[in-house]
file protein28.cif (mmCIF, C-alpha atoms)
data_target
loop_
_atom_site.label_atom_id
_atom_site.label_comp_id
_atom_site.auth_asym_id
_atom_site.auth_seq_id
_atom_site.Cartn_x
_atom_site.Cartn_y
_atom_site.Cartn_z
CA MET I 6 -0.56 -61.74 96.87
CA LEU I 7 2.51 -59.88 98.03
CA ARG I 8 2.72 -58.09 94.71
CA LEU I 9 -0.90 -57.02 95.01
CA LEU I 10 -0.32 -55.69 98.51
CA ARG I 11 2.73 -53.79 97.41
CA MET I 12 0.81 -52.24 94.51
CA ASN I 13 -1.98 -51.17 96.79
CA LEU I 14 0.47 -49.71 99.26
CA TYR I 15 2.11 -47.78 96.45
CA ARG I 16 -1.24 -46.43 95.31
CA ALA I 17 -2.15 -45.39 98.85
CA GLN I 18 1.15 -43.61 99.26
CA GLU I 19 0.59 -41.78 96.02
CA ALA I 20 -2.87 -40.71 97.12
CA VAL I 21 -1.60 -39.41 100.48
CA ASP I 22 1.16 -37.52 98.72
CA THR I 23 -1.33 -35.83 96.40
CA LEU I 24 -3.54 -34.99 99.34
CA LEU I 25 -0.75 -33.37 101.31
CA GLN I 26 0.34 -31.43 98.27
CA TRP I 27 -3.19 -30.07 97.79
CA MET I 28 -3.55 -29.15 101.43
CA ILE I 29 -0.29 -27.28 101.46
CA MET I 30 -1.10 -25.50 98.20
CA GLN I 31 -4.78 -24.68 98.69
CA GLY I 32 -5.83 -25.61 102.20
CA THR I 33 -8.74 -27.90 101.05
CA PRO I 34 -8.65 -31.54 99.81
CA PRO I 35 -9.28 -32.37 96.13
CA PRO I 36 -12.91 -33.28 95.25
CA ALA I 37 -12.09 -36.89 94.33
CA ILE I 38 -10.60 -37.74 97.69
CA ALA I 39 -12.90 -35.65 99.82
CA GLY I 40 -15.30 -38.60 100.09
CA VAL I 41 -12.90 -40.72 102.12
CA ILE I 42 -11.62 -37.99 104.40
CA SER I 43 -13.76 -36.98 107.31
CA THR I 44 -13.32 -34.63 110.19
CA HIS I 45 -15.51 -36.71 112.54
CA GLY I 46 -13.76 -40.04 112.02
CA HIS I 47 -16.13 -41.60 109.41
CA ALA I 48 -16.65 -41.19 105.69
CA VAL I 49 -18.94 -38.42 104.52
CA LYS I 50 -20.47 -38.80 101.07
CA ASN I 51 -20.49 -35.82 98.75
CA SER I 52 -23.57 -35.32 96.66
CA THR I 53 -21.56 -34.41 93.60
CA GLU I 54 -21.76 -36.70 90.52
CA ASP I 55 -18.14 -37.80 90.31
CA THR I 56 -17.92 -39.09 93.88
CA ASP I 57 -20.56 -41.83 93.40
CA LYS I 58 -18.18 -44.13 91.59
CA ASP I 59 -15.23 -43.18 93.74
CA ASP I 60 -16.28 -45.07 96.81
CA GLY I 61 -12.76 -45.56 98.08
CA ILE I 62 -9.19 -45.56 97.07
CA LEU I 63 -9.10 -49.27 96.01
CA TRP I 64 -11.38 -50.49 93.21
CA ALA I 65 -11.88 -53.87 91.43
CA VAL I 66 -9.79 -56.14 93.59
CA PRO I 67 -10.77 -59.68 94.61
CA LYS I 68 -12.73 -59.66 97.84
CA SER I 69 -11.90 -63.22 98.85
CA ARG I 70 -9.20 -65.71 98.13
CA ARG I 71 -9.83 -68.32 95.45
CA SER I 72 -9.46 -71.78 96.96
CA ARG I 73 -7.10 -74.34 95.46
CA GLU I 74 -10.04 -76.37 94.10
CA ARG I 75 -11.64 -73.38 92.38
CA ARG I 76 -8.31 -72.32 90.96
CA LEU I 77 -7.60 -75.79 89.51
CA ILE I 78 -11.11 -75.99 88.07
CA ARG I 79 -10.64 -72.58 86.43
CA LYS I 80 -7.34 -73.72 85.00
CA PHE I 81 -8.07 -77.29 83.89
CA GLY I 82 -11.85 -77.78 84.00
CA SER I 83 -13.97 -79.85 86.31
CA GLU I 84 -13.06 -83.50 86.77
CA THR I 85 -16.62 -84.68 86.25
CA GLY I 86 -17.77 -82.47 83.41
CA HIS I 87 -15.54 -80.65 80.99
CA ASN I 88 -12.42 -82.67 81.67
CA LYS I 89 -14.10 -85.90 80.68
CA MET I 90 -14.73 -84.59 77.18
CA LEU I 91 -11.03 -84.07 76.53
CA THR I 92 -9.11 -86.59 74.48
CA ARG I 93 -7.65 -89.44 76.50
CA LEU I 94 -3.91 -89.47 76.10
CA LEU I 95 -3.02 -92.08 78.71
CA LEU I 96 -3.78 -95.33 76.90
CA LEU I 97 -2.49 -98.87 77.03
CA THR I 98 -2.43 -101.62 74.41
CA CYS I 99 -4.67 -104.61 75.04
CA ASN I 100 -2.62 -107.76 75.50
CA HIS I 101 -5.33 -109.83 73.90
CA CYS I 102 -6.47 -107.94 70.79
CA GLY I 103 -3.96 -105.09 70.44
CA ASN I 104 -6.45 -102.23 70.56
CA VAL I 105 -6.02 -99.35 72.96
CA HIS I 106 -7.80 -99.10 76.28
CA GLN I 107 -7.66 -96.91 79.32
CA PRO I 108 -5.60 -98.24 82.22
CA GLY I 109 -7.78 -100.05 84.74
CA ARG I 110 -10.70 -100.37 82.34
CA LEU I 111 -11.80 -103.16 80.07
CA CYS I 112 -10.70 -103.10 76.44
CA PRO I 113 -13.65 -101.72 74.40
CA VAL I 114 -13.18 -104.18 71.53
CA CYS I 115 -12.83 -107.30 73.69
CA TYR I 116 -15.65 -106.13 75.89
CA SER I 117 -18.05 -105.48 73.01
CA LYS I 118 -17.42 -109.00 71.68
CA THR I 119 -17.90 -110.55 75.10
CA LYS I 120 -21.01 -108.49 75.66
CA GLU I 121 -22.57 -109.68 72.43
CA VAL I 122 -22.02 -113.35 73.33
CA THR I 123 -23.14 -112.77 76.91
CA GLU I 124 -26.38 -111.14 75.84
CA SER I 125 -27.24 -113.98 73.49
CA MET I 126 -26.48 -116.49 76.25
CA GLN I 127 -28.62 -114.57 78.72
CA ALA I 128 -31.50 -114.47 76.23
CA ALA I 129 -31.20 -118.24 75.79
CA MET I 130 -31.09 -118.78 79.55
CA ASN I 131 -34.14 -116.64 80.16
CA SER I 132 -36.16 -118.21 77.36
CA THR I 133 -35.27 -121.71 78.59
CA HIS I 134 -36.16 -121.00 82.19
CA GLY I 135 -39.20 -118.84 81.57
CA LEU I 136 -41.18 -118.45 84.75
CA ASN I 137 -40.29 -121.89 86.10
CA PRO I 138 -38.17 -122.12 89.23
CA ILE I 139 -34.45 -122.14 88.44
CA GLU I 140 -32.95 -125.15 90.17
CA HIS I 141 -29.83 -126.02 88.21
CA GLU I 142 -26.71 -124.45 86.84
CA VAL I 143 -26.74 -123.93 83.09
CA PHE I 144 -24.69 -125.71 80.45
CA PRO I 145 -24.69 -123.51 77.35
CA ILE I 146 -24.37 -125.20 73.98
CA PHE I 147 -23.98 -123.10 70.86
CA LYS I 148 -25.36 -123.55 67.38
CA GLY I 149 -24.15 -126.76 65.75
CA GLU I 150 -23.00 -128.36 69.02
CA LYS I 151 -24.49 -131.50 70.47
CA VAL I 152 -24.45 -133.13 73.89
CA ASP I 153 -25.89 -136.44 75.11
CA SER I 154 -28.98 -135.42 76.97
CA GLN I 155 -32.38 -137.04 76.97
CA ASP I 156 -34.17 -134.81 79.45
CA GLY I 157 -32.44 -131.52 78.79
CA PHE I 158 -29.78 -132.05 81.43
CA PHE I 159 -26.07 -132.74 81.04
CA GLN I 160 -23.80 -133.55 84.00
CA GLY I 161 -26.47 -132.26 86.34
CA LYS I 162 -26.70 -128.97 84.50
CA ARG I 163 -29.56 -127.54 82.48
CA VAL I 164 -28.72 -127.50 78.78
CA VAL I 165 -29.31 -124.07 77.24
CA GLU I 166 -29.21 -123.72 73.49
CA VAL I 167 -27.73 -120.48 72.23
CA GLU I 168 -28.76 -119.43 68.75
CA LYS I 169 -25.34 -118.14 67.75
CA GLU I 170 -22.23 -120.07 66.86
CA ARG I 171 -19.55 -120.43 69.46
CA PRO I 172 -16.84 -117.80 69.00
CA HIS I 173 -13.40 -119.28 68.40
CA TRP I 174 -11.92 -117.46 71.41
CA PHE I 175 -14.41 -119.04 73.82
CA SER I 176 -13.55 -122.71 73.65
CA ARG I 177 -15.54 -125.17 75.68
CA ARG I 178 -12.41 -126.91 76.91
CA LEU I 179 -10.70 -123.79 78.24
CA LYS I 180 -12.01 -124.31 81.74
CA LEU I 181 -11.62 -128.09 81.86
CA LYS I 182 -8.48 -129.77 83.15
CA SER I 183 -6.88 -132.05 80.57
CA THR I 184 -5.76 -134.78 83.00
CA ILE I 185 -9.08 -135.35 84.62
CA SER I 186 -9.53 -139.07 83.89
CA THR I 187 -8.86 -141.60 86.65
CA SER I 188 -9.98 -144.76 84.86
CA PRO I 189 -7.28 -147.34 84.05
CA SER I 190 -8.44 -147.92 80.47
CA THR I 191 -7.79 -144.86 78.39
CA THR I 192 -8.60 -144.50 74.74
CA ILE I 193 -7.45 -141.75 72.46
CA ALA I 194 -10.42 -139.65 71.50
CA LYS I 195 -10.33 -137.21 68.66
CA PRO I 196 -11.33 -133.69 69.69
CA THR I 197 -14.86 -132.83 68.68
CA ASN I 198 -16.82 -129.63 68.60
CA LEU I 199 -13.75 -127.49 68.57
CA ALA I 200 -15.20 -124.23 67.34
CA MET C 25 -18.16 -106.54 129.71
CA ASN C 26 -19.12 -110.13 129.07
CA GLN C 27 -21.34 -109.02 126.26
CA ALA C 28 -20.53 -110.21 122.75
CA GLU C 29 -19.48 -107.55 120.33
CA ILE C 30 -22.44 -106.77 118.15
CA ARG C 31 -20.41 -106.36 115.00
CA LYS C 32 -19.20 -109.95 115.37
CA LEU C 33 -22.72 -111.32 115.32
CA ILE C 34 -23.13 -110.37 111.68
CA PRO C 35 -20.57 -111.81 109.26
CA ALA C 36 -18.58 -109.10 107.52
CA LEU C 37 -19.18 -108.41 103.86
CA ARG C 38 -16.41 -109.60 101.60
CA VAL C 39 -16.40 -106.41 99.59
CA ALA C 40 -15.37 -102.94 100.67
CA MET C 41 -18.35 -100.66 101.07
CA THR C 42 -18.10 -96.91 100.67
CA PRO C 43 -19.41 -95.16 103.79
CA LYS C 44 -20.51 -92.20 101.67
CA LYS C 45 -24.24 -91.80 101.22
CA ARG C 46 -25.37 -91.89 97.64
CA ARG C 47 -28.13 -89.56 96.59
CA PHE C 48 -30.37 -91.60 94.33
CA SER C 49 -33.25 -89.20 94.09
CA ASN C 50 -36.60 -90.85 93.69
CA PRO C 51 -40.13 -89.43 93.71
CA ARG C 52 -41.15 -92.20 96.10
CA GLY C 53 -38.45 -91.33 98.58
CA PRO C 54 -36.25 -93.86 100.40
CA GLU C 55 -38.76 -96.60 99.67
CA GLY C 56 -38.57 -95.94 95.93
CA ARG C 57 -34.80 -95.93 96.20
CA LEU C 58 -34.89 -99.42 97.70
CA PHE C 59 -37.28 -100.60 95.00
CA LYS C 60 -34.88 -99.40 92.33
CA MET C 61 -32.05 -101.15 94.14
CA ARG C 62 -34.19 -104.27 94.26
CA THR C 63 -34.54 -104.41 90.48
CA THR C 64 -30.76 -104.28 90.15
CA VAL C 65 -30.20 -107.07 92.69
CA ASN C 66 -32.93 -109.17 91.06
CA GLU C 67 -31.43 -108.74 87.63
CA LEU C 68 -27.96 -109.59 88.94
CA ILE C 69 -29.22 -112.85 90.42
CA LYS C 70 -31.18 -113.61 87.26
CA ASN C 71 -28.72 -112.69 84.51
CA GLU C 72 -25.46 -113.05 86.47
CA ARG C 73 -23.83 -110.21 84.57
CA MET C 74 -24.99 -106.66 83.89
CA GLU C 75 -23.72 -103.24 82.96
CA VAL C 76 -24.82 -100.47 85.32
CA ASN C 77 -23.70 -97.11 86.59
CA TYR C 78 -20.91 -97.32 89.11
CA ASN C 79 -22.84 -95.96 92.08
CA ARG C 80 -25.79 -98.27 91.62
CA ALA C 81 -23.54 -101.28 91.12
CA ASP C 82 -21.48 -100.48 94.18
CA GLU C 83 -24.51 -100.19 96.41
CA ALA C 84 -26.53 -103.08 94.94
CA ARG C 85 -23.46 -105.27 95.25
CA GLY C 86 -23.52 -104.99 99.01
CA TYR C 87 -27.18 -106.00 99.18
CA ALA C 88 -26.58 -108.97 96.88
CA GLU C 89 -23.58 -110.11 98.93
CA ARG C 90 -25.57 -109.87 102.14
CA LEU C 91 -28.48 -111.79 100.61
CA ILE C 92 -26.27 -114.64 99.42
CA SER C 93 -24.33 -114.84 102.66
CA GLU C 94 -27.56 -114.99 104.70
CA ALA C 95 -28.89 -117.70 102.38
CA ILE C 96 -25.71 -119.73 102.85
CA ARG C 97 -25.71 -119.24 106.61
CA TYR C 98 -29.34 -119.96 107.45
CA GLY C 99 -30.71 -121.95 104.49
CA ASP C 100 -34.25 -121.88 103.16
CA CYS C 101 -36.02 -123.00 106.33
CA HIS C 102 -35.29 -119.75 108.15
CA ARG C 103 -38.17 -117.31 108.14
CA PRO C 104 -36.25 -113.98 108.27
CA THR C 105 -33.93 -115.09 105.46
CA MET C 106 -36.87 -116.13 103.33
CA GLU C 107 -38.55 -112.78 103.98
CA LEU C 108 -35.33 -111.07 102.94
CA ALA C 109 -35.19 -113.11 99.75
CA ASP C 110 -38.87 -112.43 99.16
CA PHE C 111 -38.28 -108.69 99.31
CA TRP C 112 -35.09 -108.56 97.26
CA LEU C 113 -36.21 -110.94 94.51
CA PRO C 114 -39.59 -109.88 93.14
CA GLU C 115 -39.33 -112.51 90.36
CA LYS C 116 -39.94 -115.60 92.42
CA GLN C 117 -38.08 -118.06 90.19
CA ASN C 118 -34.93 -116.31 91.41
CA VAL C 119 -35.68 -117.25 95.02
CA HIS C 120 -35.32 -120.87 93.93
CA LYS C 121 -32.13 -119.99 92.11
CA LEU C 122 -30.71 -118.32 95.20
CA PHE C 123 -31.17 -121.34 97.44
CA LYS C 124 -30.69 -124.16 94.93
CA VAL C 125 -28.02 -122.81 92.58
CA LEU C 126 -26.12 -119.99 94.23
CA VAL C 127 -25.86 -121.48 97.73
CA PRO C 128 -24.17 -124.70 96.49
CA ARG C 129 -21.98 -122.64 94.19
CA PHE C 130 -20.69 -120.28 96.86
CA LYS C 131 -20.89 -122.56 99.90
CA ASP C 132 -17.14 -123.12 100.18
CA SER C 133 -16.11 -119.80 98.68
CA GLU C 134 -13.48 -117.82 100.55
CA ILE C 135 -13.78 -114.69 98.42
CA SER C 136 -16.60 -112.35 97.45
CA TYR C 137 -19.57 -113.63 95.49
CA THR C 138 -19.70 -110.73 93.06
CA ARG C 139 -17.18 -108.95 90.93
CA VAL C 140 -16.99 -105.49 89.41
CA HIS C 141 -15.08 -104.53 86.27
CA LYS C 142 -14.79 -100.96 85.02
CA ALA C 143 -16.46 -100.70 81.61
CA PRO C 144 -14.71 -98.76 78.83
CA HIS C 145 -15.62 -95.15 78.20
CA VAL C 146 -17.29 -95.04 74.81
CA TYR C 147 -17.62 -91.54 73.41
CA PRO C 148 -19.94 -89.63 73.75
CA SER C 149 -21.63 -91.43 76.65
CA THR C 150 -18.96 -90.62 79.19
CA LEU C 151 -21.19 -88.78 81.63
CA PHE C 152 -21.51 -91.60 84.17
CA ASP C 153 -18.94 -94.21 85.06
CA LYS C 154 -20.22 -97.58 83.89
CA VAL C 155 -19.15 -100.86 85.44
CA VAL C 156 -19.88 -104.50 84.74
CA LEU C 157 -21.27 -106.25 87.79
CA GLU C 158 -21.24 -110.04 87.74
CA LEU C 159 -21.64 -113.10 89.92
CA ARG C 160 -18.58 -115.27 90.17
CA GLY C 161 -18.70 -118.68 88.55
CA ASN C 162 -21.02 -117.59 85.76
CA PRO C 163 -21.09 -119.49 82.45
CA PHE C 164 -20.19 -116.46 80.29
CA PRO C 165 -16.87 -115.79 78.59
CA PRO C 166 -14.42 -114.18 81.03
CA LEU C 167 -14.12 -110.40 80.86
CA GLU C 168 -10.51 -110.19 81.91
CA LYS C 169 -8.33 -112.62 80.03
CA LEU C 170 -5.35 -114.20 81.67
CA THR C 171 -2.24 -112.54 80.36
CA THR C 172 1.11 -114.19 79.86
CA LYS C 173 4.44 -112.39 79.93
CA ARG C 174 6.21 -115.15 78.05
CA ASN C 175 6.17 -113.37 74.71
CA TRP C 176 7.78 -110.21 76.01
CA ILE C 177 10.95 -109.52 74.09
CA HIS C 178 13.28 -109.58 77.07
CA ASN C 179 11.77 -112.85 78.28
CA ILE C 180 12.31 -114.43 74.85
CA LEU C 181 15.89 -113.18 74.81
CA LEU C 182 16.55 -114.42 78.34
CA GLU C 183 15.08 -117.81 77.50
CA GLU C 184 17.28 -118.10 74.41
CA ALA C 185 20.35 -117.03 76.37
CA HIS C 186 19.60 -119.62 79.03
CA ARG C 187 19.20 -122.33 76.42
CA GLU C 188 22.46 -121.36 74.74
CA TYR C 189 24.27 -121.40 78.07
CA LEU C 190 22.99 -124.88 78.89
CA GLU C 191 23.94 -126.21 75.46
CA LYS C 192 27.44 -124.84 75.84
CA LYS C 193 27.76 -126.30 79.32
CA TYR C 194 26.66 -129.80 78.31
CA LYS C 195 28.97 -129.72 75.34
CA GLN C 196 31.89 -128.80 77.57
CA GLU C 197 31.05 -131.52 80.06
CA GLY C 198 30.87 -134.10 77.26
CA GLU C 199 34.27 -133.11 75.97
CA GLU C 200 35.77 -133.38 79.44
CA GLU C 201 34.33 -136.88 79.88
CA GLU C 202 35.81 -137.96 76.56
CA GLU C 203 39.22 -136.71 77.63
CA VAL C 204 39.03 -138.70 80.87
CA GLN C 205 38.17 -141.89 79.02
#

call {"tool": "encode", "arguments": {"input": "protein28.cif", "output": "structure tokens"}}
result
Amino acid sequence: MLRLLRMNLYRAQEAVDTLLQWMIMQGTPPPAIAGVISTHGHAVKNSTEDTDKDDGILWAVPKSRRSRERRLIRKFGSETGHNKMLTRLLLLTCNHCGNVHQPGRLCPVCYSKTKEVTESMQAAMNSTHGLNPIEHEVFPIFKGEKVDSQDGFFQGKRVVEVEKERPHWFSRRLKLKSTISTSPSTTIAKPTNLA
Amino acid sequence: MNQAEIRKLIPALRVAMTPKKRRFSNPRGPEGRLFKMRTTVNELIKNERMEVNYNRADEARGYAERLISEAIRYGDCHRPTMELADFWLPEKQNVHKLFKVLVPRFKDSEISYTRVHKAPHVYPSTLFDKVVLELRGNPFPPLEKLTTKRNWIHNILLEEAHREYLEKKYKQEGEEEEEVQ
């Protein structure tokens, strides 16, 4: 900004110098500058061809200041548009599967797997319920699994049969506490349906 | 000044709501906007987990939270609550689900009823921020796995060092006891 001002000042000084020189030498101003000089206090336009483009001393300078936002957008692109198409360099490694993911976002590989299972479970839920009123929590069982249920209910939950096999990373016993039994007689049971 | 504060008459939402107005343009105007929001809330109650644009999820979440909290507070014998449920859940089997499944599930809950996870950006569909909106306590596999720091290299080394130190200490103590005897 300061540099620009100094340049302009320099140019103005030069112009005044030339003008004075002309006036001393000839007594009349040069044709190029005559447009900005007036005897009555305001600019008088000459009708000659070359004065049309010479509207003043200063040409082609910015009229208003560029704001910080505009300047950053010009430099780096908009946050919502162009910038999003750039390659992501800030990436983290997923603790679960080892693929890369953006910080604060789900891992794309883990998420796609979860999404696939979720969608199949949702389809099973919706086909089981249909248009009947939904009155119970669901108990999803996957392909090849069995539970003791006569009327389609298990532990007060509606049994929903999913057509896919249970993925190995989604075990049924993950959410259950192992020391849940309170009965005095305990028998060792072999684990079943461990997918 | 004996008047109750109005804001205390309505229980606060358990999620932070953005005060900014979102411009969901709709040919049917504000009414159409609500109808679109209604489909999102309905699907959330029905499917318990869904992937939507961030703005829609953030706004629909508030409506879903309010609906569930009203259902818990007033029950199904309260006319205004039932009217609210009737508007927000156009598929009527979900009205049953709200009062018979979700109310018992969230009755003693201290935290919010819904959860939002940021979905990954998958090129080239990075135009809108996608999030996964879900009800808590759903039967689906968890989106964010519990992470353990036990396998970090410095934790393994520290554990080994600790074990070595204890072994050394016990050995020393044993030798001292033998000397005394």

call {"tool": "interface_residues", "arguments": {"input": "protein28.cif", "of": "chain I", "to": "chain C", "cutoff": "10 Å", "atoms": "all atoms listed in the file", "output": "NGL selection string"}}
result
:I and (85-87 or 89-90 or 92-93 or 99-101 or 106-120 or 122-124 or 126-128 or 130-131 or 134-145 or 172 or 174-177)

call {"tool": "residues_around", "arguments": {"input": "protein28.cif", "residues": "C:Thr138", "least_positions_apart": "6", "cutoff": "10 Å", "atoms": "all atoms listed in the file", "output": "ChimeraX atom specification"}}
result
/C:38-39,68,72-73,85-86,88-89,92,157-161

call {"tool": "atom_distance", "arguments": {"input": "protein28.cif", "atom1": "atom CA of C:Met61", "atom2": "atom CA of C:Ala36"}}
result
20.6 Å

call {"tool": "atom_distance", "arguments": {"input": "protein28.cif", "atom1": "atom CA of I:Ser132", "atom2": "atom CA of I:Val165"}}
result
9.0 Å

call {"tool": "residues_around", "arguments": {"input": "protein28.cif", "residues": "C:Pro35", "least_positions_apart": "2", "cutoff": "12 Å", "atoms": "all atoms listed in the file", "output": "PyMOL selection string"}}
result
chain C and resi 29-33+37-39+89-94+96-97

call {"tool": "atom_distance", "arguments": {"input": "protein28.cif", "atom1": "atom CA of C:Phe111", "atom2": "atom CA of C:Phe59"}}
result
9.2 Å

call {"tool": "resolve_selection", "arguments": {"input": "protein28.cif", "expression": "the PyMOL selection byres ((chain C and resi 45) around 12)", "output": "PyMOL selection string"}}
result
chain C and resi 41-44+46-49+79-80+82-83
